[in-house]
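Colleague: Below is the file coords05.txt, with compact mmCIF, C-alpha atoms.
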# COMPACT_ATOMS: atom_id res chain seq x y z
CA MET D 1 -59.59 -23.29 -42.24
CA SER D 2 -59.75 -21.94 -45.76
CA VAL D 3 -62.44 -19.54 -44.59
CA MET D 4 -60.10 -18.32 -41.87
CA ARG D 5 -57.24 -17.99 -44.35
CA GLY D 6 -59.55 -15.94 -46.58
CA ALA D 7 -60.46 -13.73 -43.64
CA GLU D 8 -56.78 -13.23 -42.79
CA LYS D 9 -56.11 -12.36 -46.38
CA LYS D 10 -59.05 -9.91 -46.39
CA GLU D 11 -57.87 -8.33 -43.11
CA GLY D 12 -54.28 -8.36 -44.28
CA GLU D 13 -54.96 -6.38 -47.41
CA PRO D 14 -56.46 -3.29 -45.75
CA LYS D 15 -53.65 -3.44 -43.14
CA LYS D 16 -51.10 -3.41 -45.92
CA GLU D 17 -53.02 -0.66 -47.65
CA ARG D 18 -53.09 1.31 -44.43
CA GLU D 19 -49.36 0.87 -44.05
CA ILE D 20 -48.78 2.03 -47.62
CA ILE D 21 -51.03 5.05 -47.07
CA LYS D 22 -49.26 5.76 -43.77
CA ALA D 23 -45.87 5.52 -45.45
CA ALA D 24 -47.05 7.74 -48.29
CA LYS D 25 -48.38 10.23 -45.75
CA GLY D 26 -45.04 10.10 -43.96
CA VAL D 27 -43.18 10.79 -47.19
CA MET D 28 -45.56 13.62 -48.06
CA TYR D 29 -45.25 15.03 -44.52
CA GLY D 30 -41.49 14.76 -44.66
CA MET D 31 -41.35 16.43 -48.08
CA ALA D 32 -43.92 19.13 -47.56
CA LEU D 33 -44.56 19.77 -43.89
CA HIS D 34 -41.77 18.53 -41.67
CA GLY D 35 -39.63 21.56 -42.38
CA MET D 36 -42.50 23.89 -41.57
CA VAL D 37 -43.34 22.07 -38.33
CA THR D 38 -39.68 22.10 -37.25
CA TYR D 39 -39.46 25.77 -38.16
CA ALA D 40 -42.61 26.58 -36.19
CA LEU D 41 -41.33 24.63 -33.20
CA ARG D 42 -37.95 26.34 -33.40
CA LEU D 43 -39.65 29.75 -33.48
CA ARG D 44 -41.79 28.67 -30.58
CA MET D 45 -38.64 27.64 -28.68
CA HIS D 46 -37.05 31.06 -29.32
CA MET D 47 -40.22 32.81 -28.21
CA GLU D 48 -40.35 30.63 -25.12
CA ASN D 49 -36.72 31.46 -24.32
CA LEU D 50 -37.41 35.15 -24.85
CA PHE D 51 -40.45 34.95 -22.59
CA MET D 52 -38.43 33.21 -19.89
CA LEU D 53 -35.66 35.79 -20.23
CA ILE D 54 -37.95 38.78 -19.83
CA THR D 55 -39.85 37.25 -16.94
CA MET D 56 -37.24 35.18 -15.08
CA GLY D 57 -34.17 37.07 -16.35
CA ASP D 58 -32.86 37.88 -12.88
CA MET D 59 -32.21 34.17 -12.32
CA LEU D 60 -29.34 34.68 -14.74
CA GLY D 61 -28.47 38.15 -13.52
CA VAL D 62 -30.59 40.05 -16.07
CA PRO D 63 -33.17 41.96 -14.01
CA VAL D 64 -36.02 42.95 -16.30
CA LEU D 65 -39.48 42.44 -14.82
CA PRO D 66 -39.78 43.31 -11.09
CA PRO D 67 -39.68 40.05 -9.14
CA TYR D 68 -43.05 40.70 -7.53
CA TYR D 69 -44.69 40.03 -10.88
CA SER D 70 -42.31 37.38 -12.16
CA LEU D 71 -43.04 35.38 -8.98
CA ARG D 72 -46.67 35.11 -10.13
CA LEU D 73 -45.44 33.43 -13.31
CA LEU D 74 -42.81 31.28 -11.59
CA PRO D 75 -45.07 28.25 -10.87
CA TYR D 76 -45.75 27.86 -14.61
CA ALA D 77 -42.07 28.15 -15.47
CA VAL D 78 -40.78 25.54 -12.99
CA PRO D 79 -40.68 22.57 -15.43
CA TYR D 80 -38.80 24.58 -18.08
CA LEU D 81 -36.21 26.33 -15.90
CA LYS D 82 -33.45 23.75 -16.24
CA THR D 83 -33.73 23.42 -20.03
CA TRP D 84 -34.01 27.18 -20.46
CA LYS D 85 -30.89 27.85 -18.40
CA GLN D 86 -28.96 25.17 -20.30
CA THR D 87 -30.09 26.54 -23.67
CA LEU D 88 -29.16 30.08 -22.75
CA LEU D 89 -25.88 29.42 -21.02
CA ARG D 90 -24.38 26.67 -23.20
CA ASP D 91 -21.35 27.37 -25.36
CA ARG D 92 -22.12 27.82 -29.00
CA ASP D 93 -20.00 27.11 -32.04
CA ILE D 94 -20.39 27.22 -35.80
CA THR D 95 -22.06 23.81 -35.96
CA ASP D 96 -25.05 25.23 -34.06
CA SER D 97 -25.99 27.26 -37.10
CA LEU D 98 -26.19 24.07 -39.14
CA TYR D 99 -28.95 22.72 -36.95
CA MET O 1 -46.18 93.15 4.67
CA THR O 2 -49.24 91.00 5.16
CA THR O 3 -49.97 88.56 2.39
CA ALA O 4 -53.58 87.51 2.33
CA VAL O 5 -53.51 84.00 1.00
CA SER O 6 -56.74 82.12 0.98
CA ALA O 7 -58.16 79.11 -0.73
CA THR O 8 -59.95 80.10 -3.92
CA GLN O 9 -62.01 76.95 -3.48
CA ASN O 10 -61.32 75.18 -0.23
CA MET O 11 -61.22 71.42 0.26
CA GLY O 12 -64.85 71.15 1.33
CA LEU O 13 -66.09 73.14 -1.64
CA TYR O 14 -63.82 71.26 -3.99
CA LEU O 15 -65.19 67.89 -2.85
CA ALA O 16 -68.75 69.23 -2.93
CA SER O 17 -68.34 70.43 -6.50
CA ASN O 18 -66.67 67.15 -7.52
CA PRO O 19 -69.09 64.57 -6.12
CA GLY O 20 -67.59 61.75 -8.19
CA VAL O 21 -64.30 61.90 -6.29
CA LYS O 22 -63.64 58.65 -4.48
CA TYR O 23 -59.84 58.54 -4.32
CA ILE O 24 -57.96 61.36 -2.63
CA LEU O 25 -54.17 61.46 -2.83
CA PHE O 26 -51.78 63.68 -0.89
CA GLY O 27 -48.29 64.13 -2.28
CA GLY O 28 -45.34 66.39 -1.58
CA LYS O 29 -41.84 66.47 -0.14
CA GLY O 30 -41.15 64.51 2.99
CA GLY O 31 -41.96 66.07 6.38
CA LEU O 32 -44.39 68.75 5.17
CA GLY O 33 -47.53 67.23 6.66
CA LYS O 34 -48.97 64.86 4.05
CA THR O 35 -49.89 62.32 6.72
CA THR O 36 -51.49 64.98 8.94
CA LEU O 37 -53.57 66.35 6.07
CA SER O 38 -54.54 62.85 4.90
CA ALA O 39 -55.65 62.02 8.44
CA ALA O 40 -57.53 65.33 8.76
CA THR O 41 -59.32 64.83 5.43
CA SER O 42 -60.32 61.30 6.37
CA TYR O 43 -61.52 62.51 9.78
CA TRP O 44 -63.64 65.24 8.19
CA LEU O 45 -65.18 62.89 5.63
CA ALA O 46 -65.93 60.30 8.34
CA LYS O 47 -67.64 63.04 10.36
CA GLN O 48 -69.82 63.73 7.30
CA GLY O 49 -71.02 60.13 7.57
CA LYS O 50 -68.83 58.72 4.80
CA LYS O 51 -67.00 55.45 5.28
CA VAL O 52 -63.33 56.27 4.76
CA CYS O 53 -60.06 54.39 4.72
CA VAL O 54 -56.79 56.28 4.98
CA PHE O 55 -53.85 54.36 3.62
CA SER O 56 -50.19 55.21 3.83
CA THR O 57 -47.95 54.24 0.93
CA ASP O 58 -45.02 56.05 2.53
CA PRO O 59 -42.34 53.61 3.75
CA GLN O 60 -41.85 56.00 6.68
CA ALA O 61 -45.55 55.99 7.41
CA SER O 62 -46.70 57.66 10.59
CA LEU O 63 -50.44 57.07 10.81
CA THR O 64 -49.65 55.00 13.90
CA ASP O 65 -48.14 58.09 15.57
CA ILE O 66 -50.79 60.50 14.30
CA PHE O 67 -53.74 58.43 15.49
CA GLU O 68 -51.81 57.16 18.54
CA ARG O 69 -52.91 53.64 17.71
CA LYS O 70 -51.01 50.58 16.57
CA ILE O 71 -51.83 50.46 12.86
CA PHE O 72 -48.63 49.27 11.17
CA GLY O 73 -49.11 45.77 9.77
CA GLN O 74 -52.47 45.35 11.55
CA GLY O 75 -54.75 45.48 8.50
CA GLU O 76 -57.64 47.95 8.39
CA VAL O 77 -57.91 49.41 11.90
CA GLU O 78 -61.07 51.21 13.00
CA ILE O 79 -60.04 54.58 14.45
CA ALA O 80 -63.46 56.14 14.94
CA LYS O 81 -66.94 55.68 13.53
CA ASN O 82 -66.59 55.38 9.71
CA LEU O 83 -62.85 56.03 9.91
CA TYR O 84 -60.36 53.26 9.17
CA ALA O 85 -56.58 53.40 8.75
CA LEU O 86 -54.20 51.04 7.01
CA GLU O 87 -50.43 50.94 7.11
CA ILE O 88 -48.80 48.18 5.10
CA ASP O 89 -45.99 46.13 6.55
CA ALA O 90 -44.36 45.49 3.18
CA ASP O 91 -41.94 42.85 4.53
CA LYS O 92 -44.79 40.85 6.06
CA ARG O 93 -46.82 41.11 2.86
CA ILE O 94 -43.85 39.98 0.77
CA ALA O 95 -43.27 36.97 3.05
CA GLU O 96 -46.95 35.97 2.79
CA TYR O 97 -46.85 36.36 -0.98
CA GLN O 98 -43.71 34.21 -1.26
CA ASN O 99 -45.40 31.50 0.81
CA GLU O 100 -48.42 31.60 -1.50
CA ILE O 101 -46.11 31.05 -4.50
CA ARG O 102 -44.33 28.14 -2.75
CA GLN O 103 -47.68 26.53 -1.93
CA LYS O 104 -48.89 26.95 -5.50
CA ILE O 105 -45.77 25.18 -6.83
CA ARG O 106 -46.20 22.34 -4.31
CA ASP O 107 -49.87 21.92 -5.28
CA MET O 108 -49.27 22.14 -9.02
CA TYR O 109 -46.48 19.58 -9.16
CA LYS O 110 -47.31 17.53 -6.03
CA MET O 111 -43.87 18.37 -4.63
CA GLU O 112 -42.80 17.91 -1.03
CA THR O 113 -39.89 20.31 -1.35
CA ILE O 114 -39.33 23.17 -3.73
CA PRO O 115 -36.31 22.71 -6.07
CA GLU O 116 -33.26 24.51 -4.74
CA GLU O 117 -32.87 26.98 -7.62
CA VAL O 118 -36.55 27.94 -7.40
CA GLU O 119 -36.33 28.34 -3.63
CA ASP O 120 -33.21 30.50 -4.04
CA TYR O 121 -35.00 32.67 -6.57
CA ILE O 122 -38.02 33.14 -4.29
CA ASN O 123 -35.79 33.99 -1.33
CA SER O 124 -33.58 36.40 -3.24
CA SER O 125 -36.58 38.29 -4.63
CA SER O 126 -37.30 39.82 -1.20
CA ALA O 127 -33.95 41.61 -1.36
CA GLU O 128 -34.92 43.49 -4.54
CA PRO O 129 -35.64 47.18 -3.87
CA ALA O 130 -38.68 47.26 -6.18
CA MET O 131 -40.27 44.43 -4.22
CA ALA O 132 -41.51 46.62 -1.34
CA GLU O 133 -42.87 49.23 -3.77
CA SER O 134 -44.66 46.57 -5.79
CA ALA O 135 -46.13 44.99 -2.65
CA THR O 136 -47.44 48.39 -1.50
CA PHE O 137 -48.76 49.08 -4.98
CA ASP O 138 -50.54 45.74 -4.97
CA ALA O 139 -52.05 46.38 -1.55
CA MET O 140 -53.24 49.79 -2.73
CA VAL O 141 -55.02 48.28 -5.75
CA GLU O 142 -56.50 45.50 -3.63
CA LEU O 143 -57.95 48.05 -1.24
CA MET O 144 -59.34 50.28 -3.99
CA THR O 145 -60.95 47.43 -5.88
CA SER O 146 -62.53 46.09 -2.69
CA GLY O 147 -65.26 48.75 -2.91
CA ARG O 148 -65.75 48.66 0.87
CA TYR O 149 -65.39 52.41 1.38
CA ASP O 150 -66.95 55.62 0.12
CA TYR O 151 -63.58 57.36 0.10
CA TYR O 152 -59.98 56.15 -0.08
CA VAL O 153 -57.42 58.67 1.12
CA PHE O 154 -53.79 57.98 0.23
CA ASP O 155 -50.84 59.44 2.02
CA MET O 156 -48.36 59.07 -0.84
CA MET O 157 -44.65 58.60 -0.56
CA PRO O 158 -42.44 61.69 -1.10
CA HIS O 159 -42.48 63.29 -4.53
CA GLY O 160 -39.58 61.41 -6.22
CA HIS O 161 -40.92 58.05 -5.11
CA ALA O 162 -44.47 58.97 -6.13
CA ILE O 163 -43.32 59.86 -9.65
CA ARG O 164 -41.43 56.57 -9.86
CA PHE O 165 -44.46 54.77 -8.45
CA LEU O 166 -46.69 56.19 -11.18
CA GLY O 167 -44.02 55.75 -13.83
CA MET O 168 -43.57 52.14 -12.77
CA ALA O 169 -47.23 51.40 -13.52
CA ASP O 170 -46.91 52.86 -17.01
CA ILE O 171 -43.65 51.16 -17.92
CA LEU O 172 -44.74 47.83 -16.50
CA ASP O 173 -48.04 48.07 -18.28
CA GLN O 174 -46.28 48.45 -21.64
CA TRP O 175 -43.83 45.73 -20.66
CA VAL O 176 -46.54 43.26 -19.76
CA ALA O 177 -48.30 44.05 -23.04
CA LYS O 178 -45.09 43.10 -24.87
CA ILE O 179 -44.73 39.91 -22.83
CA MET O 180 -48.31 38.99 -23.66
CA GLU O 181 -47.55 39.54 -27.32
CA VAL O 182 -44.54 37.20 -27.11
CA ARG O 183 -46.58 34.64 -25.22
CA LYS O 184 -49.44 34.75 -27.74
CA LYS O 185 -46.99 34.41 -30.64
CA ALA O 186 -45.37 31.41 -28.93
CA GLY O 187 -48.82 29.87 -28.51
CA GLU O 188 -49.63 30.45 -32.18
CA TYR O 189 -46.45 28.67 -33.31
CA LYS O 190 -47.22 25.77 -31.00
CA GLU O 191 -50.72 25.58 -32.40
CA SER O 192 -49.46 25.67 -35.99
CA ALA O 193 -47.05 22.86 -35.19
CA SER O 194 -49.87 20.78 -33.69
CA VAL O 195 -52.13 21.36 -36.69
CA LEU O 196 -49.44 20.52 -39.21
CA GLY O 197 -47.77 17.69 -37.37
CA SER O 198 -48.46 15.38 -34.50
CA GLN O 199 -47.22 17.70 -31.75
CA LYS O 200 -49.47 17.99 -28.74
CA GLY O 201 -50.78 21.48 -28.09
CA GLY O 202 -49.92 23.22 -24.83
CA LEU O 203 -52.84 25.60 -24.86
CA ALA O 204 -54.17 24.89 -21.38
CA GLN O 205 -50.86 25.98 -19.79
CA GLU O 206 -50.71 28.88 -22.27
CA ASP O 207 -54.11 30.09 -21.08
CA TYR O 208 -53.05 30.08 -17.43
CA VAL O 209 -49.94 32.12 -18.16
CA LEU O 210 -51.92 34.58 -20.25
CA LYS O 211 -54.52 34.84 -17.49
CA GLU O 212 -51.77 35.70 -14.98
CA LEU O 213 -50.35 38.30 -17.34
CA GLU O 214 -53.83 39.71 -17.87
CA PHE O 215 -54.28 39.91 -14.08
CA ILE O 216 -50.99 41.81 -13.67
CA ARG O 217 -51.90 44.14 -16.52
CA ASN O 218 -55.35 44.89 -15.11
CA ARG O 219 -53.82 45.82 -11.76
CA LEU O 220 -51.32 48.15 -13.39
CA ASP O 221 -53.97 49.65 -15.65
CA PHE O 222 -56.20 50.30 -12.67
CA VAL O 223 -53.63 52.58 -11.02
CA SER O 224 -52.63 54.25 -14.30
CA ASN O 225 -56.26 55.04 -15.06
CA MET O 226 -57.12 55.99 -11.50
CA VAL O 227 -54.46 58.72 -11.17
CA ARG O 228 -55.51 60.22 -14.50
CA ASP O 229 -59.24 60.04 -13.85
CA LYS O 230 -60.28 63.57 -12.85
CA THR O 231 -63.83 62.49 -12.08
CA HIS O 232 -62.96 59.96 -9.41
CA THR O 233 -59.54 61.09 -8.26
CA ALA O 234 -58.33 64.24 -6.56
CA PHE O 235 -54.60 64.76 -6.17
CA PHE O 236 -53.48 67.41 -3.67
CA TYR O 237 -49.93 68.60 -3.26
CA VAL O 238 -48.68 69.77 0.13
CA LEU O 239 -46.10 72.52 0.52
CA ILE O 240 -44.88 74.99 3.12
CA PRO O 241 -43.88 78.62 2.55
CA GLU O 242 -40.19 77.97 1.92
CA LEU O 243 -38.12 78.05 -1.25
CA MET O 244 -37.34 74.34 -1.63
CA PRO O 245 -40.94 73.10 -1.30
CA ILE O 246 -42.09 75.78 -3.77
CA LEU O 247 -39.48 74.68 -6.30
CA ASP O 248 -40.36 71.05 -5.65
CA THR O 249 -44.07 71.75 -6.20
CA ARG O 250 -43.34 73.59 -9.44
CA LYS O 251 -41.26 70.66 -10.65
CA ALA O 252 -43.84 68.12 -9.50
CA LEU O 253 -46.65 69.91 -11.34
CA GLU O 254 -44.59 69.76 -14.53
CA MET O 255 -43.73 66.10 -14.02
CA PHE O 256 -47.28 65.09 -13.21
CA ARG O 257 -48.44 66.98 -16.28
CA ALA O 258 -46.00 64.88 -18.31
CA PHE O 259 -47.71 61.79 -16.88
CA ASP O 260 -51.07 63.36 -17.77
CA VAL O 261 -51.94 63.57 -14.07
CA THR O 262 -53.84 66.70 -13.07
CA VAL O 263 -53.09 68.15 -9.66
CA SER O 264 -56.41 69.17 -8.10
CA GLY O 265 -54.88 71.63 -5.70
CA VAL O 266 -52.15 72.58 -3.29
CA VAL O 267 -52.40 72.93 0.47
CA VAL O 268 -50.05 75.33 2.22
CA ASN O 269 -49.12 73.92 5.60
CA GLN O 270 -47.21 75.05 8.71
CA VAL O 271 -47.84 78.76 8.21
CA TYR O 272 -46.99 81.03 11.15
CA PRO O 273 -49.94 83.34 11.90
CA GLN O 274 -49.24 86.94 10.89
CA GLU O 275 -50.93 88.18 14.10
CA LEU O 276 -48.14 86.51 16.04
CA ARG O 277 -45.56 88.89 14.56
CA ASP O 278 -47.47 91.95 15.69
CA SER O 279 -48.11 90.72 19.21
CA GLY O 280 -45.69 91.87 21.88
CA GLY O 281 -42.61 90.04 23.10
CA VAL O 282 -41.95 88.10 19.90
CA PRO O 283 -38.21 87.40 19.46
CA ASP O 284 -36.51 88.68 16.28
CA PHE O 285 -35.79 85.11 15.24
CA LEU O 286 -39.51 84.37 14.98
CA LYS O 287 -40.26 87.76 13.37
CA HIS O 288 -37.73 87.01 10.62
CA LYS O 289 -39.22 83.57 10.12
CA ILE O 290 -42.72 85.05 9.77
CA ASP O 291 -41.48 87.73 7.35
CA SER O 292 -39.74 85.11 5.25
CA GLN O 293 -42.88 82.98 5.19
CA GLN O 294 -44.99 85.99 4.16
CA GLU O 295 -42.63 86.61 1.27
CA TYR O 296 -42.94 83.01 0.09
CA LEU O 297 -46.69 83.09 0.60
CA GLY O 298 -46.74 85.93 -1.92
CA GLN O 299 -44.82 83.75 -4.33
CA ILE O 300 -47.21 80.82 -3.73
CA LYS O 301 -50.19 83.11 -4.30
CA GLY O 302 -48.69 84.36 -7.57
CA GLU O 303 -47.74 80.96 -8.85
CA PHE O 304 -50.48 78.60 -7.65
CA ALA O 305 -53.35 81.05 -7.02
CA ASP O 306 -56.27 79.03 -8.42
CA LEU O 307 -54.91 75.80 -7.06
CA ILE O 308 -54.77 76.79 -3.39
CA ARG O 309 -57.27 74.60 -1.55
CA GLY O 310 -56.25 75.37 2.00
CA VAL O 311 -53.83 77.19 4.27
CA VAL O 312 -53.10 75.46 7.56
CA PRO O 313 -51.27 77.32 10.32
CA MET O 314 -48.41 76.05 12.42
CA LEU O 315 -50.24 74.84 15.49
CA ASP O 316 -49.25 75.35 19.11
CA ARG O 317 -49.18 71.59 19.60
CA GLU O 318 -48.09 68.64 17.52
CA PRO O 319 -51.02 67.49 15.35
CA LYS O 320 -51.57 64.04 16.78
CA GLY O 321 -54.50 62.37 18.43
CA LEU O 322 -58.08 62.66 17.23
CA GLU O 323 -58.68 66.02 18.95
CA MET O 324 -55.81 67.74 17.15
CA ILE O 325 -56.61 66.01 13.86
CA GLY O 326 -60.17 67.30 14.26
CA ARG O 327 -58.74 70.79 14.73
CA VAL O 328 -56.67 70.53 11.54
CA ALA O 329 -59.75 69.22 9.70
CA GLY O 330 -61.75 72.21 10.94
CA ILE O 331 -59.14 74.58 9.51
CA LEU O 332 -58.65 72.68 6.26
CA PHE O 333 -62.34 72.39 5.49
CA GLY O 334 -63.29 75.76 7.03
CA ASP O 335 -62.48 79.26 5.84
CA SER O 336 -58.77 78.61 5.95
CA GLY O 337 -57.66 82.01 4.67
CA VAL O 338 -59.27 84.09 7.40
CA PHE O 339 -56.47 83.93 9.95
CA LEU O 340 -53.99 85.43 7.53
CA ARG O 341 -56.00 88.46 6.60
Take the structure I supplied and represent it as structure tokens, if you would.
Modeller:
Amino acid sequence: MSVMRGAEKKEGEPKKEREIIKAAKGVMYGMALHGMVTYALRLRMHMENLFMLITMGDMLGVPVLPPYYSLRLLPYAVPYLKTWKQTLLRDRDITDSLY
Amino acid sequence: MTTAVSATQNMGLYLASNPGVKYILFGGKGGLGKTTLSAATSYWLAKQGKKVCVFSTDPQASLTDIFERKIFGQGEVEIAKNLYALEIDADKRIAEYQNEIRQKIRDMYKMETIPEEVEDYINSSSAEPAMAESATFDAMVELMTSGRYDYYVFDMMPHGHAIRFLGMADILDQWVAKIMEVRKKAGEYKESASVLGSQKGGLAQEDYVLKELEFIRNRLDFVSNMVRDKTHTAFFYVLIPELMPILDTRKALEMFRAFDVTVSGVVVNQVYPQELRDSGGVPDFLKHKIDSQQEYLGQIKGEFADLIRGVVPMLDREPKGLEMIGRVAGILFGDSGVFLR
């Protein structure tokens, strides 16, 4: 029994250590990298929206690329169409710039 | 007032001295005989033992009428030994293409039915005016890259359309390059996010999209390079001895020069034989027509002298059927200036 307790204690310590390290990593990530990752993802989102606009623009009445070619890209855009349309067509106000 | 207009280097000699030529294009205003001359050139080359395909990019194509065979929308039709003709049914090609896209979406996402907005988009695309041009363009590239023939002869659409057709390739090429840039940048940001954080990368999808863009760009590049490649491409302009076609040819030469496309020569078509004027019983109406043509022939000689590759007379019968096409080919590739002297 005492052996088992010892084992639990031994296993428990690295687990706790791991949790501390994980938390420290989280804090470090939050302090140093989270902003950069969010920024990169936001840029990626803008690029994605731009790409969708110049390829599938005529879905929103902005004819840019001839449809013969945009049709080739359509299968890859199917999962993103709804979100893209919502992003592009939603009303914006001053609070958007805070995000 | 006889104007001796002859080819400084006729079609046969031109092709003999440019053995690398594989693509032959005929352009010009509508109704001047581009289809007839394309058919005649293909006929002559086929008779020389070369495997030839004549293709009409003109929406008002008339290879079916010229060869008196059903060609429209039938794929590559064998007209005679070594001679094949192709007339694209753009609507049919668009419908097939749309079905391919629908099937691809169903396969990719295991869907029974296509989402309504996607289906609407696919359906509405066929109403776009550029769709037919793009489909023809695509068919043209597909044929050229097939490598099945020794020569590809293209009966181009009338001048304005042809310029737009060539311009379209250039503009789209630059456009696709920009799109690729955006796509690559988007991929880089995604990758940075995955390296820095725990975001999953989307590179597999990214690669497919870039591959598609690369495919589109290669197709566009092929045509852009082909029309500018003097070694493999010969571009002939057809005109008749009248003011408007002369002005049109002058303008076209300037515009093609702006696109860096060299016109290999001009062919003067539908010329009334001078001998006809001097023969008895010719009505004044016809005499005036011949005189007017002779005047314009002088202008053509002065303006396009070194570029004249052939002079084809107005024939006593409509140039259709293999026999008549053979006759036109004989004139075009023979000593075409003789009859005018």
Colleague: Could you tell me which residues of chain D sit within 10 Å of chain O when counting all atoms listed in the file, and give me the result as a compact mmCIF listing (two decimals) with C-alpha atoms, in the coordinates of the input?
Modeller:
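Below is the file that was written, out.txt:
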# COMPACT_ATOMS: atom_id res chain seq x y z
CA TYR D 29 -45.25 15.03 -44.52
CA LEU D 33 -44.56 19.77 -43.89
CA HIS D 34 -41.77 18.53 -41.67
CA MET D 36 -42.50 23.89 -41.57
CA VAL D 37 -43.34 22.07 -38.33
CA THR D 38 -39.68 22.10 -37.25
CA TYR D 39 -39.46 25.77 -38.16
CA ALA D 40 -42.61 26.58 -36.19
CA LEU D 41 -41.33 24.63 -33.20
CA ARG D 42 -37.95 26.34 -33.40
CA LEU D 43 -39.65 29.75 -33.48
CA ARG D 44 -41.79 28.67 -30.58
CA MET D 45 -38.64 27.64 -28.68
CA HIS D 46 -37.05 31.06 -29.32
CA MET D 47 -40.22 32.81 -28.21
CA GLU D 48 -40.35 30.63 -25.12
CA ASN D 49 -36.72 31.46 -24.32
CA LEU D 50 -37.41 35.15 -24.85
CA PHE D 51 -40.45 34.95 -22.59
CA MET D 52 -38.43 33.21 -19.89
CA ILE D 54 -37.95 38.78 -19.83
CA THR D 55 -39.85 37.25 -16.94
CA MET D 56 -37.24 35.18 -15.08
CA ASP D 58 -32.86 37.88 -12.88
CA MET D 59 -32.21 34.17 -12.32
CA PRO D 63 -33.17 41.96 -14.01
CA VAL D 64 -36.02 42.95 -16.30
CA LEU D 65 -39.48 42.44 -14.82
CA PRO D 66 -39.78 43.31 -11.09
CA PRO D 67 -39.68 40.05 -9.14
CA TYR D 68 -43.05 40.70 -7.53
CA TYR D 69 -44.69 40.03 -10.88
CA SER D 70 -42.31 37.38 -12.16
CA LEU D 71 -43.04 35.38 -8.98
CA ARG D 72 -46.67 35.11 -10.13
CA LEU D 73 -45.44 33.43 -13.31
CA LEU D 74 -42.81 31.28 -11.59
CA PRO D 75 -45.07 28.25 -10.87
CA TYR D 76 -45.75 27.86 -14.61
CA ALA D 77 -42.07 28.15 -15.47
CA VAL D 78 -40.78 25.54 -12.99
CA PRO D 79 -40.68 22.57 -15.43
CA LEU D 81 -36.21 26.33 -15.90
CA LYS D 82 -33.45 23.75 -16.24
Colleague: So the first atom is CA of Asp248 (chain O) and the second is CA of Val312 (chain O); what is the distance between them in Å, to one decimal place?
Modeller: 18.9 Å
Colleague: Which residue, O:Thr36, O:Thr231, O:Asn82, O:Thr113, has the smallest gap to Tyr149 (chain O) when you use all atoms listed in the file?
Modeller: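 Result for the nearest residue to Tyr149 (chain O): O:Asn82.
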Colleague: Quick one: 5 Å padding each side, axis-aligned, all listed atoms of region 43-51 of chain D - centre and edge lengths in Å to one decimal, as AutoDock Vina command-line options?
Modeller:
--center_x -39.3 --center_y 31.4 --center_z -28.0 --size_x 15.1 --size_y 17.5 --size_z 20.9
Colleague: Work out how far apart CA of Phe285 (chain O) and CA of Glu318 (chain O) are and give it in Å to one decimal.
Modeller: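 Pair CA of Phe285 (chain O) / CA of Glu318 (chain O) returns 20.7 Å.
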Colleague: List every protein, DNA or RNA residue with an atom no more than 8 Å from (-62.0, 61.7, 0.0) in the file's coordinates, counting only C-alpha atoms, and format the result as a list in words.
Modeller: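 Those residues, ordered by chain and then number, are Leu15, Val21, Lys22, Tyr23, Ile24, Thr41, Ser42, Leu45, Val52, Asp150, Tyr151, Tyr152, Val153 and Ala234 of chain O.
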Colleague: Could you name the residues that touch Asp173 (chain O) at 8 Å or less, counting only C-alpha atoms, but leaving out those on the same chain fewer than 3 positions away, as a PyMOL selection string?
Modeller: chain O and resi 169-170+176-177+217+220-221
Colleague: Please indicate the distance in Å from CA of Ile246 (chain O) to CA of Val268 (chain O), rounded to one decimal place.
Modeller: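 Rounded to one decimal, the two atoms are 10.0 Å apart.
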Colleague: Show which residues sit within 8 Å of Gly326 (chain O), as a list in words. Count only C-alpha atoms, and ignore same-chain residues fewer than 3 positions away.
Modeller: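 Those residues are Ala40, Tyr43, Trp44, Leu322, Glu323, Ala329 and Gly330 of chain O.
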Colleague: Would you save region 119-125 of chain O from the block above with N, CA and C atoms, as a PDB file, in the first residue's frame?
Modeller:
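The file below, result_15.pdb, is the result:
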ATOM      1  N   GLU O 119     -25.099  25.741 -56.994  1.00  0.00           N
ATOM      2  CA  GLU O 119     -25.800  25.334 -58.213  1.00  0.00           C
ATOM      3  C   GLU O 119     -26.213  26.570 -59.026  1.00  0.00           C
ATOM      4  N   ASP O 120     -26.716  27.593 -58.323  1.00  0.00           N
ATOM      5  CA  ASP O 120     -27.116  28.832 -58.999  1.00  0.00           C
ATOM      6  C   ASP O 120     -25.925  29.475 -59.695  1.00  0.00           C
ATOM      7  N   TYR O 121     -24.804  29.459 -58.998  1.00  0.00           N
ATOM      8  CA  TYR O 121     -23.588  30.074 -59.560  1.00  0.00           C
ATOM      9  C   TYR O 121     -23.144  29.328 -60.815  1.00  0.00           C
ATOM     10  N   ILE O 122     -23.167  27.996 -60.737  1.00  0.00           N
ATOM     11  CA  ILE O 122     -22.749  27.196 -61.904  1.00  0.00           C
ATOM     12  C   ILE O 122     -23.691  27.474 -63.073  1.00  0.00           C
ATOM     13  N   ASN O 123     -25.004  27.483 -62.774  1.00  0.00           N
ATOM     14  CA  ASN O 123     -25.975  27.707 -63.856  1.00  0.00           C
ATOM     15  C   ASN O 123     -25.843  29.094 -64.472  1.00  0.00           C
ATOM     16  N   SER O 124     -25.661  30.103 -63.603  1.00  0.00           N
ATOM     17  CA  SER O 124     -25.614  31.471 -64.135  1.00  0.00           C
ATOM     18  C   SER O 124     -24.345  31.727 -64.942  1.00  0.00           C
ATOM     19  N   SER O 125     -23.292  30.937 -64.685  1.00  0.00           N
ATOM     20  CA  SER O 125     -22.031  31.183 -65.403  1.00  0.00           C
ATOM     21  C   SER O 125     -22.190  30.993 -66.914  1.00  0.00           C
TER      22      SER O 125
END
